[in-house]
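A.B. asks: After the structure tokens below, expect a handful of questions from me.
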Amino acid sequence: MFIINSHLSASRLPSPIQKFPKLSHTPTLNSIQFPSNISPSHHELHPNLEETQQIHAHLIKTCFNFSDQIPFTALRSHVSHLSLCSFLITSYIKNGFPMEAVKIYTHMRRTDSEVDNFLIPSVLKACCLISSILLGKEIHGFMVKNGLDMDTFVCNALIHMYSECGSLKLARQLFDKMVNRDVVSWSTMIRSYSQSGLCYEAFSLLKEMHAQGITPSEAAMINMTDVFAKCADSKLGKAMHAYVVRNQNYDKSRVPLTTALIDMYAKCNSIAYAKMLFDGLSEASIVSWTTIIAGCIHCNDLNEGVRLFANMLKEGMFPNEITMLSFFKECGFIGSLGLGKLLHAFTLRNGFNISLVLATGLIDMYGKCGDSRSARSVFDSITDKDLTMWSALISVYAQTNCIDQAFDTFVQMTSCGIRPNEVTMSNLLLLCAKAGALEMGKWVHAYIDKQEIKVDMILETSLVDMYAKCGDINAAYQLFTKATDRDILMWNAMISGFAMHGHGKEALELLTEMERLGVIPDETTFVGVLHACSHAGLVMEGKKLFQKMVHGYNLVPKVQHYGCMVDLLGRAGLLDEAKEIISSMPMRPNMVVLGSLLAACKVHKNLTIAEWAAQQFLSLEPNKCGYNVLMSNIYAAEKRWDDVAGIRRAMKNVGIRKEPGITSIEVDGSVHDFVMGDKSHPEAQKIYEMVGEMREKLEEAGYTPDTSSVLQNIIDGEEKETALSYHSEKLALAFGLIGTAPGVPIRIVKNLRICNDCHTVTKLLSKIYGRVIVVRDRNRFHHFTEGSCSCRDYW
């Protein structure tokens, strides 16, 4: 099999998009017209972007001179510089332009204009939207200097800003120092913990709030219920329910609060409790029906969800657009393509207006279910497509690894005059990261710079992640260090990048720096640092970090964390300890955990523990090929060919197929895929000639093939060596040598773990040809140079 994915050839690149012309600061005043049926107060709350910009331009032109009557009805009540600036800041934020709001605040500070406690919360909201903790800290300093830090309303906004910008430590410090805390203060801090995944801290604060005699409002209780929905912990969910009953004079007729509890139980996978609460409602609203049906879908109880949907229709409660969007979202979440199509058909049969929002929800659902064809069909059925819909389709192709279609869609979008935003570019970077296509990723990065696309923290994190996953860890780290604001996602991306490249000590140093700056690590952070320890052989450090996660941060280890520990111990040869961890896990081990132990048994040739792990694997997923292939490899290494044949025969009988090894290489903006013995490439003859040359040079260098990697019972040694020579990574490497200029690094990506023989060969070839060769396999990156590998043969 050979596939070429060509995207960056000159003929296919989109021409630079013309930047949208900025609205002039010399407006035509007559262009702002207020409908007679809308009151000034209503319009003041809802000025559109063009009107806001024209008002701003008029005020700049007149230097905020109030001697003349302001020609805008909505602004006649604003008679001071402060009130006008406050109006503009609020309007820009509501219209999605927080940076413009920040510029107005900056101008006010630079001109020593008055800034009061009513304006500060709006500016802090803008800080949240642009994730600028530096500006937030400057505002905090200004508040302290001017005595505004005693205002509870302002402090609540400051707590929210710190938490949204990824500094929960500073948020909590401010919360603890507040003299006058109201119910909003407590709710804000609790919600901040919830959004960061620290549900147990949120619960602890909730108990402290109760101990101090502060009774939350119903709205606050609804928000707090969401904390435990995110925890997905049924035990804590029940405790939360009991708290609501005790503190709210709770009765089942309170529909909004009961609906929030239904949602919580559904997300805790306790659908029986959710249905019990729903059945107790005296009068269910459309929101309640939506919540319980979406909950059934979320819990994979599809038959019950369909039954309730039919009952809802019988009771005369017809779904609205938000209802259908909720259902589509949950279908995408569980990957239920069948139910998603059924609901889609319902919308078409019942005359729903397929709005842009609904169509985008359908596209997203089909993408998450892996059906890019249906997603495209929905997309093509809409005439006037907006940027969100184009971005959704590109996201679909990114999720389904359709690199050609994603870039084709991007070209079509720009050709229609639609300017991409940071979400669009993040999806393209995600696709480049998956494919390991560094040159394409660099092109996307250059496009972002050339078109001056706003680089927010999400896009900046995507760039860091792309460079790390495409093998250029130095470029990733340079971007990371240049970032003025970093949230937990960016820290995690950099730590995971170091882990993939085997830079264990650098990952640990980053964790220390992260803690010093007050950024609280989360579960993902610890997955990253534990992986880093595993790939670098830092056993003691990994053990200490696991204890720190549990006892220092009160994080409950998940199966991923146990998997990291098993991998860490297994690679180090501590197989008994690894087995003990699996036996003591509070949850059932998954295939990844057992697969790590089996792989370690293969490396360290421990057949006894391998067979124990195989039994666990067999009881978990008997029809998965991973267990079969690993055990076949282990038996082959021991030359137990009868056992190998038995496993292969069993796989064939039940239709299990080994995942084929596929190796990709990017050359001249095209991604080329190879499998073992591939002869379908247009340059196949030259590739095989290069393979022959590589064999000759390897023999001259004293190379001896490691035929233990050949898993068939082939008696002839020459046949084994021939089989090894045509592994997919060797074919890709040969193509890289003939397709790139001397001295240019060669980067290849393999979907499976690189075998011992290919690892040895690549080390030697890096010295023979004087090339840097970067290989990304299923586990990690290998940087080969001058006959050595960055993994130090520990992978």
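Going by the structure tokens order, chains are called A, B, ..., each with residues numbered from 1, while ligands are numbered from 1 in the order shown.
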Neighbouring residues of A:His531 were defined as those with any atom within 10 Å, considering only C-alpha atoms; residues of the same chain fewer than 6 positions away were excluded. Please report them as a list of chain:residue names.
C.D. replies: A:Ile495, A:Ser496, A:Phe498, A:Ala499, A:Met500, A:Gly502, A:Gly504, A:Ala507, A:Thr525, A:Gly537, A:Leu538, A:Gly542, A:His561, A:Gly563, A:Cys564, A:Met565, A:Asp567, A:Leu568, A:Asn779, A:Arg780
A.B. asks: Convert the current residue selection to file output with N, CA and C atoms, as a short mmCIF file (atom, residue, chain, number, x, y, z; two decimals), in the first residue's frame.
C.D. replies:
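Okay, this is what ended up in result_33.cif:
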data_model
loop_
_atom_site.label_atom_id
_atom_site.label_comp_id
_atom_site.auth_asym_id
_atom_site.auth_seq_id
_atom_site.Cartn_x
_atom_site.Cartn_y
_atom_site.Cartn_z
N ILE A 495 5.03 19.80 28.89
CA ILE A 495 5.49 18.66 29.70
C ILE A 495 5.34 17.36 28.92
N SER A 496 4.18 17.19 28.25
CA SER A 496 3.96 15.98 27.46
C SER A 496 4.95 15.91 26.29
N PHE A 498 8.07 17.13 26.27
CA PHE A 498 9.33 16.66 26.83
C PHE A 498 9.28 15.15 27.10
N ALA A 499 8.13 14.67 27.58
CA ALA A 499 7.98 13.24 27.88
C ALA A 499 8.14 12.41 26.61
N MET A 500 7.49 12.84 25.51
CA MET A 500 7.57 12.09 24.24
C MET A 500 8.99 12.01 23.71
N GLY A 502 11.67 11.97 25.57
CA GLY A 502 12.58 11.35 26.53
C GLY A 502 13.33 12.33 27.41
N GLY A 504 13.20 13.58 30.46
CA GLY A 504 12.56 13.43 31.75
C GLY A 504 12.90 14.54 32.73
N ALA A 507 11.18 17.79 31.96
CA ALA A 507 9.76 17.76 32.32
C ALA A 507 9.58 18.00 33.81
N THR A 525 -1.41 16.72 33.95
CA THR A 525 -0.02 17.07 34.24
C THR A 525 0.74 15.86 34.76
N GLY A 537 13.67 6.49 32.46
CA GLY A 537 14.16 5.54 33.47
C GLY A 537 14.30 6.14 34.85
N LEU A 538 13.53 7.17 35.17
CA LEU A 538 13.59 7.84 36.48
C LEU A 538 12.59 7.17 37.44
N GLY A 542 9.61 8.92 39.69
CA GLY A 542 8.24 8.59 39.34
C GLY A 542 7.43 8.13 40.54
N HIS A 561 -2.96 6.82 35.28
CA HIS A 561 -1.82 6.99 36.19
C HIS A 561 -1.24 5.64 36.61
N GLY A 563 -1.42 3.03 34.78
CA GLY A 563 -0.76 2.55 33.58
C GLY A 563 0.65 3.11 33.44
N CYS A 564 0.80 4.40 33.79
CA CYS A 564 2.14 5.02 33.75
C CYS A 564 3.08 4.34 34.73
N MET A 565 2.58 4.02 35.92
CA MET A 565 3.43 3.38 36.93
C MET A 565 3.82 1.96 36.49
N ASP A 567 4.09 0.96 33.41
CA ASP A 567 5.05 1.16 32.33
C ASP A 567 6.43 1.53 32.89
N LEU A 568 6.45 2.42 33.88
CA LEU A 568 7.70 2.86 34.50
C LEU A 568 8.46 1.69 35.12
N ASN A 779 5.21 4.86 21.00
CA ASN A 779 5.55 5.19 22.38
C ASN A 779 6.20 6.55 22.56
N ARG A 780 7.11 6.92 21.64
CA ARG A 780 7.93 8.10 21.89
C ARG A 780 8.69 8.51 20.64
#
A.B. asks: Find the spatial neighbours of A:Ser204, counting only C-alpha atoms, within a cut-off of 12 Å - ignore same-chain residues fewer than 5 positions away - and output them as a list in words.
C.D. replies: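 Within the cut-off, the hits are Trp186, Met189, Ile190, Tyr193, Ser194, Leu198, Cys199, Met209, His210, Ala211, Val227, Leu236, Ala239, Met240 and Asn554 of chain A.
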A.B. asks: Filtering to all heavy atoms, could you give me those residues as a short mmCIF file (atom, residue, chain, number, x, y, z; two decimals), in the first residue's frame?
C.D. replies:
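New file again_10.cif:
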data_model
loop_
_atom_site.label_atom_id
_atom_site.label_comp_id
_atom_site.auth_asym_id
_atom_site.auth_seq_id
_atom_site.Cartn_x
_atom_site.Cartn_y
_atom_site.Cartn_z
N TRP A 186 -17.97 32.84 47.50
CA TRP A 186 -17.86 31.39 47.71
C TRP A 186 -18.19 30.63 46.42
O TRP A 186 -17.47 29.71 46.04
CB TRP A 186 -18.80 30.95 48.83
CG TRP A 186 -18.38 31.40 50.19
CD1 TRP A 186 -18.69 32.56 50.83
CD2 TRP A 186 -17.52 30.67 51.09
NE1 TRP A 186 -18.10 32.61 52.05
CE2 TRP A 186 -17.38 31.47 52.25
CE3 TRP A 186 -16.88 29.45 51.03
CZ2 TRP A 186 -16.62 31.06 53.34
CZ3 TRP A 186 -16.12 29.03 52.12
CH2 TRP A 186 -15.99 29.84 53.25
N MET A 189 -15.34 30.87 43.85
CA MET A 189 -14.18 30.04 44.19
C MET A 189 -14.48 28.56 43.97
O MET A 189 -13.65 27.80 43.45
CB MET A 189 -13.77 30.29 45.64
CG MET A 189 -12.37 29.79 46.00
SD MET A 189 -11.07 30.66 45.13
CE MET A 189 -10.25 29.31 44.29
N ILE A 190 -15.69 28.15 44.35
CA ILE A 190 -16.08 26.75 44.16
C ILE A 190 -16.14 26.41 42.68
O ILE A 190 -15.65 25.38 42.23
CB ILE A 190 -17.43 26.48 44.86
CG1 ILE A 190 -17.26 26.52 46.38
CG2 ILE A 190 -18.01 25.13 44.42
CD1 ILE A 190 -18.56 26.55 47.14
N TYR A 193 -12.66 25.93 41.19
CA TYR A 193 -12.11 24.59 41.43
C TYR A 193 -12.75 23.58 40.50
O TYR A 193 -12.08 22.69 39.96
CB TYR A 193 -12.35 24.18 42.88
CG TYR A 193 -11.34 24.72 43.87
CD1 TYR A 193 -11.74 25.31 45.07
CD2 TYR A 193 -9.97 24.62 43.63
CE1 TYR A 193 -10.82 25.80 45.98
CE2 TYR A 193 -9.04 25.09 44.53
CZ TYR A 193 -9.47 25.69 45.70
OH TYR A 193 -8.55 26.16 46.60
N SER A 194 -14.06 23.72 40.30
CA SER A 194 -14.77 22.78 39.43
C SER A 194 -14.23 22.82 38.01
O SER A 194 -13.96 21.79 37.39
CB SER A 194 -16.26 23.11 39.43
OG SER A 194 -16.94 22.42 38.42
N LEU A 198 -10.78 20.17 40.00
CA LEU A 198 -10.46 19.89 41.40
C LEU A 198 -11.76 19.80 42.19
O LEU A 198 -12.10 20.65 43.02
CB LEU A 198 -9.54 20.98 41.96
CG LEU A 198 -8.21 21.15 41.21
CD1 LEU A 198 -7.45 22.36 41.72
CD2 LEU A 198 -7.36 19.90 41.37
N CYS A 199 -12.52 18.74 41.92
CA CYS A 199 -13.86 18.62 42.49
C CYS A 199 -13.84 18.41 44.00
O CYS A 199 -14.73 18.88 44.72
CB CYS A 199 -14.60 17.47 41.81
SG CYS A 199 -14.82 17.72 40.05
N MET A 209 -18.16 26.47 53.64
CA MET A 209 -19.18 27.50 53.47
C MET A 209 -20.39 27.21 54.35
O MET A 209 -20.93 28.10 55.03
CB MET A 209 -19.59 27.54 51.98
CG MET A 209 -20.71 28.48 51.63
SD MET A 209 -21.10 28.31 49.86
CE MET A 209 -22.46 29.46 49.72
N HIS A 210 -20.80 25.95 54.36
CA HIS A 210 -21.92 25.54 55.18
C HIS A 210 -21.61 25.71 56.67
O HIS A 210 -22.47 26.16 57.45
CB HIS A 210 -22.26 24.08 54.88
CG HIS A 210 -23.36 23.52 55.73
ND1 HIS A 210 -24.64 24.00 55.70
CD2 HIS A 210 -23.34 22.51 56.65
CE1 HIS A 210 -25.38 23.32 56.56
NE2 HIS A 210 -24.61 22.41 57.15
N ALA A 211 -20.38 25.37 57.06
CA ALA A 211 -19.97 25.47 58.47
C ALA A 211 -20.01 26.92 58.95
O ALA A 211 -20.26 27.18 60.14
CB ALA A 211 -18.58 24.89 58.66
N VAL A 227 -20.61 21.26 39.63
CA VAL A 227 -19.30 20.80 40.09
C VAL A 227 -19.27 19.28 40.15
O VAL A 227 -18.34 18.62 39.67
CB VAL A 227 -18.98 21.38 41.49
CG1 VAL A 227 -17.70 20.76 42.06
CG2 VAL A 227 -18.86 22.88 41.43
N LEU A 236 -20.21 11.30 45.62
CA LEU A 236 -20.23 12.74 45.90
C LEU A 236 -21.53 13.37 45.40
O LEU A 236 -22.05 14.31 46.01
CB LEU A 236 -19.04 13.42 45.23
CG LEU A 236 -17.69 13.36 45.97
CD1 LEU A 236 -16.62 14.06 45.14
CD2 LEU A 236 -17.80 14.01 47.33
N ALA A 239 -24.13 12.95 47.97
CA ALA A 239 -23.86 13.87 49.09
C ALA A 239 -24.34 15.27 48.73
O ALA A 239 -24.89 15.99 49.57
CB ALA A 239 -22.38 13.85 49.43
N MET A 240 -24.11 15.66 47.48
CA MET A 240 -24.55 16.97 47.03
C MET A 240 -26.07 17.06 47.05
O MET A 240 -26.65 18.07 47.47
CB MET A 240 -24.03 17.21 45.61
CG MET A 240 -24.41 18.56 45.04
SD MET A 240 -23.65 19.90 45.94
CE MET A 240 -24.77 21.24 45.52
N ASN A 554 -4.15 15.71 46.57
CA ASN A 554 -5.44 15.04 46.81
C ASN A 554 -6.14 14.63 45.51
O ASN A 554 -7.36 14.67 45.40
CB ASN A 554 -6.38 15.93 47.63
CG ASN A 554 -5.83 16.22 49.01
OD1 ASN A 554 -5.27 15.34 49.66
ND2 ASN A 554 -5.95 17.46 49.44
#
A.B. asks: Report, in Å to a single decimal, how far apart atom CA of A:Arg776 and atom CA of A:Thr424 are.
C.D. replies: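 Spanning atom CA of A:Thr424 to atom CA of A:Arg776 is a straight-line distance of 25.7 Å.
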A.B. asks: Show me, as a tab-separated table (two decimals) with N, CA, C and O atoms, in the first residue's frame, the residues that have an atom within 8 Å of A:Asn427 when counting only C-alpha atoms, minus same-chain residues fewer than 4 positions from it.
C.D. replies:
chain	number	residue	atom	x	y	z
A	391	SER	N	-15.16	25.78	9.90
A	391	SER	CA	-14.22	25.27	10.91
A	391	SER	C	-14.66	23.91	11.43
A	391	SER	O	-13.83	23.04	11.70
A	394	ILE	N	-13.64	21.29	8.88
A	394	ILE	CA	-12.20	21.05	8.97
A	394	ILE	C	-11.88	20.21	10.20
A	394	ILE	O	-11.04	19.31	10.16
A	395	SER	N	-12.60	20.49	11.30
A	395	SER	CA	-12.42	19.71	12.53
A	395	SER	C	-12.80	18.25	12.32
A	395	SER	O	-12.13	17.34	12.83
A	398	ALA	N	-10.06	16.63	10.58
A	398	ALA	CA	-8.93	16.46	11.50
A	398	ALA	C	-9.14	15.25	12.41
A	398	ALA	O	-8.23	14.47	12.66
A	423	VAL	N	-9.63	29.18	15.76
A	423	VAL	CA	-10.19	27.82	15.88
A	423	VAL	C	-9.86	27.02	14.62
A	423	VAL	O	-9.45	25.85	14.69
A	431	LEU	N	-4.24	18.42	12.98
A	431	LEU	CA	-4.06	17.44	11.91
A	431	LEU	C	-2.58	17.25	11.59
A	431	LEU	O	-2.11	16.12	11.41
A.B. asks: Given only C-alpha atoms as the basis, pick out the residue of A:His241, A:Ser234, A:Leu158, A:Val566 nearest to A:Gln173.
C.D. replies: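 Using only C-alpha atoms, A:Gln173 sits closest to A:Leu158.
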A.B. asks: Any chance you could list, as a PyMOL selection string, the residues in stretch 110-158 of chain A that come up alpha helix (DSSP H) when DSSP is run on the backbone?
C.D. replies: chain A and resi 110+120-130+133-145+152-158
A.B. asks: Set the distance at 12 Å and use only C-alpha atoms: which residues neighbour stretch 364-379 of chain A once local chain neighbours fewer than 2 positions away are removed? I'd like the list as an mmCIF file with N, CA and C atoms, in the first residue's frame.
C.D. replies:
data_model
loop_
_atom_site.group_PDB
_atom_site.id
_atom_site.type_symbol
_atom_site.label_atom_id
_atom_site.label_comp_id
_atom_site.auth_asym_id
_atom_site.auth_seq_id
_atom_site.Cartn_x
_atom_site.Cartn_y
_atom_site.Cartn_z
ATOM 1 N N MET A 324 -32.555 19.542 20.345
ATOM 2 C CA MET A 324 -31.915 18.687 19.347
ATOM 3 C C MET A 324 -30.392 18.817 19.393
ATOM 4 N N LEU A 325 -29.911 20.019 19.639
ATOM 5 C CA LEU A 325 -28.464 20.204 19.757
ATOM 6 C C LEU A 325 -27.897 19.397 20.916
ATOM 7 N N SER A 326 -28.629 19.356 22.032
ATOM 8 C CA SER A 326 -28.190 18.567 23.182
ATOM 9 C C SER A 326 -28.112 17.089 22.830
ATOM 10 N N PHE A 327 -29.122 16.613 22.090
ATOM 11 C CA PHE A 327 -29.128 15.197 21.698
ATOM 12 C C PHE A 327 -27.973 14.887 20.746
ATOM 13 N N PHE A 328 -27.753 15.766 19.793
ATOM 14 C CA PHE A 328 -26.655 15.541 18.844
ATOM 15 C C PHE A 328 -25.307 15.525 19.575
ATOM 16 N N LYS A 329 -25.165 16.417 20.544
ATOM 17 C CA LYS A 329 -23.915 16.479 21.305
ATOM 18 C C LYS A 329 -23.645 15.164 22.022
ATOM 19 N N GLU A 330 -24.677 14.611 22.659
ATOM 20 C CA GLU A 330 -24.488 13.358 23.404
ATOM 21 C C GLU A 330 -24.268 12.175 22.467
ATOM 22 N N CYS A 331 -24.921 12.189 21.313
ATOM 23 C CA CYS A 331 -24.670 11.131 20.327
ATOM 24 C C CYS A 331 -23.211 11.157 19.882
ATOM 25 N N GLY A 332 -22.689 12.342 19.685
ATOM 26 C CA GLY A 332 -21.274 12.467 19.345
ATOM 27 C C GLY A 332 -20.382 12.012 20.474
ATOM 28 N N PHE A 333 -20.795 12.309 21.696
ATOM 29 C CA PHE A 333 -19.997 11.946 22.878
ATOM 30 C C PHE A 333 -19.819 10.434 22.995
ATOM 31 N N ILE A 334 -20.901 9.679 22.757
ATOM 32 C CA ILE A 334 -20.806 8.216 22.883
ATOM 33 C C ILE A 334 -20.528 7.538 21.542
ATOM 34 N N GLY A 335 -20.499 8.316 20.455
ATOM 35 C CA GLY A 335 -20.230 7.735 19.135
ATOM 36 C C GLY A 335 -21.377 6.918 18.590
ATOM 37 N N SER A 336 -22.613 7.324 18.921
ATOM 38 C CA SER A 336 -23.788 6.566 18.465
ATOM 39 C C SER A 336 -24.272 7.122 17.124
ATOM 40 N N LEU A 337 -23.725 6.585 16.046
ATOM 41 C CA LEU A 337 -24.072 7.066 14.711
ATOM 42 C C LEU A 337 -25.521 6.733 14.364
ATOM 43 N N GLY A 338 -25.981 5.545 14.753
ATOM 44 C CA GLY A 338 -27.345 5.124 14.424
ATOM 45 C C GLY A 338 -28.388 6.055 15.004
ATOM 46 N N LEU A 339 -28.285 6.357 16.310
ATOM 47 C CA LEU A 339 -29.256 7.252 16.938
ATOM 48 C C LEU A 339 -29.109 8.660 16.385
ATOM 49 N N GLY A 340 -27.891 9.073 16.117
ATOM 50 C CA GLY A 340 -27.680 10.401 15.545
ATOM 51 C C GLY A 340 -28.395 10.553 14.215
ATOM 52 N N LYS A 341 -28.300 9.531 13.369
ATOM 53 C CA LYS A 341 -28.997 9.584 12.073
ATOM 54 C C LYS A 341 -30.515 9.576 12.264
ATOM 55 N N LEU A 343 -32.203 10.819 14.808
ATOM 56 C CA LEU A 343 -32.601 12.156 15.254
ATOM 57 C C LEU A 343 -32.496 13.171 14.115
ATOM 58 N N HIS A 344 -31.492 12.993 13.269
ATOM 59 C CA HIS A 344 -31.352 13.871 12.099
ATOM 60 C C HIS A 344 -32.573 13.714 11.190
ATOM 61 N N ALA A 345 -32.967 12.477 10.967
ATOM 62 C CA ALA A 345 -34.151 12.226 10.127
ATOM 63 C C ALA A 345 -35.395 12.868 10.747
ATOM 64 N N LEU A 348 -35.625 16.501 9.893
ATOM 65 C CA LEU A 348 -36.000 16.733 8.495
ATOM 66 C C LEU A 348 -37.488 16.467 8.269
ATOM 67 N N ILE A 354 -33.253 24.065 9.500
ATOM 68 C CA ILE A 354 -31.863 23.683 9.763
ATOM 69 C C ILE A 354 -31.012 24.952 9.719
ATOM 70 N N SER A 355 -30.926 25.578 10.878
ATOM 71 C CA SER A 355 -30.151 26.809 10.994
ATOM 72 C C SER A 355 -28.663 26.497 10.930
ATOM 73 N N LEU A 356 -27.867 27.551 10.865
ATOM 74 C CA LEU A 356 -26.416 27.361 10.860
ATOM 75 C C LEU A 356 -25.952 26.662 12.123
ATOM 76 N N VAL A 357 -26.567 27.023 13.245
ATOM 77 C CA VAL A 357 -26.168 26.420 14.534
ATOM 78 C C VAL A 357 -26.504 24.932 14.551
ATOM 79 N N LEU A 358 -27.710 24.596 14.106
ATOM 80 C CA LEU A 358 -28.129 23.197 14.115
ATOM 81 C C LEU A 358 -27.311 22.376 13.118
ATOM 82 N N ALA A 359 -27.063 22.928 11.958
ATOM 83 C CA ALA A 359 -26.259 22.226 10.949
ATOM 84 C C ALA A 359 -24.838 21.996 11.457
ATOM 85 N N THR A 360 -24.288 22.988 12.145
ATOM 86 C CA THR A 360 -22.939 22.842 12.701
ATOM 87 C C THR A 360 -22.913 21.753 13.764
ATOM 88 N N GLY A 361 -23.993 21.682 14.579
ATOM 89 C CA GLY A 361 -24.089 20.615 15.577
ATOM 90 C C GLY A 361 -24.136 19.239 14.932
ATOM 91 N N LEU A 362 -24.859 19.126 13.818
ATOM 92 C CA LEU A 362 -24.928 17.857 13.090
ATOM 93 C C LEU A 362 -23.566 17.479 12.511
ATOM 94 N N SER A 381 -25.446 20.960 2.058
ATOM 95 C CA SER A 381 -26.867 21.314 1.963
ATOM 96 C C SER A 381 -27.170 22.738 2.418
ATOM 97 N N ILE A 382 -26.198 23.374 3.053
ATOM 98 C CA ILE A 382 -26.393 24.741 3.550
ATOM 99 C C ILE A 382 -25.813 25.731 2.537
ATOM 100 N N THR A 383 -26.621 26.726 2.191
ATOM 101 C CA THR A 383 -26.192 27.684 1.163
ATOM 102 C C THR A 383 -25.227 28.726 1.722
ATOM 103 N N ASP A 384 -25.663 29.439 2.736
ATOM 104 C CA ASP A 384 -24.845 30.517 3.309
ATOM 105 C C ASP A 384 -24.092 29.995 4.525
ATOM 106 N N LYS A 385 -22.881 29.573 4.290
ATOM 107 C CA LYS A 385 -22.074 28.979 5.368
ATOM 108 C C LYS A 385 -21.270 30.065 6.073
ATOM 109 N N ASP A 386 -21.175 29.960 7.404
ATOM 110 C CA ASP A 386 -20.348 30.914 8.138
ATOM 111 C C ASP A 386 -19.027 30.259 8.528
ATOM 112 N N LEU A 387 -18.172 31.037 9.157
ATOM 113 C CA LEU A 387 -16.848 30.555 9.536
ATOM 114 C C LEU A 387 -16.927 29.359 10.477
ATOM 115 N N THR A 388 -17.898 29.394 11.403
ATOM 116 C CA THR A 388 -18.030 28.301 12.381
ATOM 117 C C THR A 388 -18.292 26.980 11.678
ATOM 118 N N MET A 389 -19.132 27.015 10.651
ATOM 119 C CA MET A 389 -19.451 25.779 9.934
ATOM 120 C C MET A 389 -18.241 25.271 9.146
ATOM 121 N N TRP A 390 -17.529 26.174 8.469
ATOM 122 C CA TRP A 390 -16.313 25.755 7.766
ATOM 123 C C TRP A 390 -15.321 25.140 8.751
ATOM 124 N N SER A 391 -15.158 25.779 9.897
ATOM 125 C CA SER A 391 -14.216 25.272 10.910
ATOM 126 C C SER A 391 -14.657 23.907 11.426
ATOM 127 N N ALA A 392 -15.987 23.732 11.570
ATOM 128 C CA ALA A 392 -16.500 22.444 12.046
ATOM 129 C C ALA A 392 -16.161 21.326 11.062
ATOM 130 N N LEU A 393 -16.281 21.598 9.762
ATOM 131 C CA LEU A 393 -15.972 20.570 8.768
ATOM 132 C C LEU A 393 -14.473 20.257 8.764
ATOM 133 N N ILE A 394 -13.643 21.287 8.885
ATOM 134 C CA ILE A 394 -12.201 21.046 8.969
ATOM 135 C C ILE A 394 -11.881 20.214 10.205
ATOM 136 N N SER A 395 -12.604 20.491 11.299
ATOM 137 C CA SER A 395 -12.418 19.710 12.535
ATOM 138 C C SER A 395 -12.796 18.245 12.317
ATOM 139 N N VAL A 396 -13.866 18.015 11.553
ATOM 140 C CA VAL A 396 -14.281 16.636 11.232
ATOM 141 C C VAL A 396 -13.148 15.903 10.521
ATOM 142 N N TYR A 397 -12.577 16.544 9.509
ATOM 143 C CA TYR A 397 -11.492 15.905 8.759
ATOM 144 C C TYR A 397 -10.250 15.714 9.632
ATOM 145 N N ALA A 398 -10.056 16.627 10.581
ATOM 146 C CA ALA A 398 -8.930 16.463 11.505
ATOM 147 C C ALA A 398 -9.143 15.254 12.405
ATOM 148 N N GLN A 399 -10.380 15.065 12.887
ATOM 149 C CA GLN A 399 -10.693 13.932 13.764
ATOM 150 C C GLN A 399 -10.597 12.605 13.037
ATOM 151 N N THR A 400 -10.926 12.610 11.751
ATOM 152 C CA THR A 400 -10.916 11.359 10.984
ATOM 153 C C THR A 400 -9.627 11.179 10.174
ATOM 154 N N ASN A 401 -8.636 12.037 10.453
ATOM 155 C CA ASN A 401 -7.311 11.948 9.814
ATOM 156 C C ASN A 401 -7.369 12.049 8.294
ATOM 157 N N CYS A 402 -8.319 12.831 7.784
ATOM 158 C CA CYS A 402 -8.428 13.045 6.335
ATOM 159 C C CYS A 402 -7.671 14.324 5.991
ATOM 160 N N GLN A 405 -8.587 16.196 2.560
ATOM 161 C CA GLN A 405 -9.875 16.891 2.564
ATOM 162 C C GLN A 405 -9.841 18.126 3.456
ATOM 163 N N ALA A 406 -9.109 18.051 4.586
ATOM 164 C CA ALA A 406 -9.040 19.195 5.494
ATOM 165 C C ALA A 406 -8.406 20.402 4.811
ATOM 166 N N THR A 409 -10.617 21.769 2.023
ATOM 167 C CA THR A 409 -11.702 22.574 2.590
ATOM 168 C C THR A 409 -11.190 23.955 2.985
#
A.B. asks: Between A:Leu82, A:Leu731, A:Ile139, A:Cys128, which residue has the minimum interatomic distance to A:Met108, considering only C-alpha atoms?
C.D. replies: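 Of A:Leu82, A:Leu731, A:Ile139, A:Cys128, the one nearest A:Met108 is A:Leu82, counting only C-alpha atoms.
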A.B. asks: Take atom CA of A:Thr90 and atom CA of A:Met178 and report the distance between them in Å, one decimal.
C.D. replies: 26.3 Å
A.B. asks: Work out how far atom CA of A:Ser462 is from atom CA of A:Glu439, in Å to one decimal.
C.D. replies: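 Spanning atom CA of A:Glu439 to atom CA of A:Ser462 is a straight-line distance of 15.3 Å.
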A.B. asks: From the options A:Asn756, A:Ser131, A:Thr704, A:Ser167, which residue's atoms come nearest to A:Glu515, counting only C-alpha atoms?
C.D. replies: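 The answer is A:Ser167, which sits nearest to A:Glu515.
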A.B. asks: For A:Met317, which residue among A:Thr290, A:Gly213, A:Trp443, A:Thr524 is the nearest when counting only C-alpha atoms?
C.D. replies: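 Smallest separation from A:Met317 among the options: A:Thr290.
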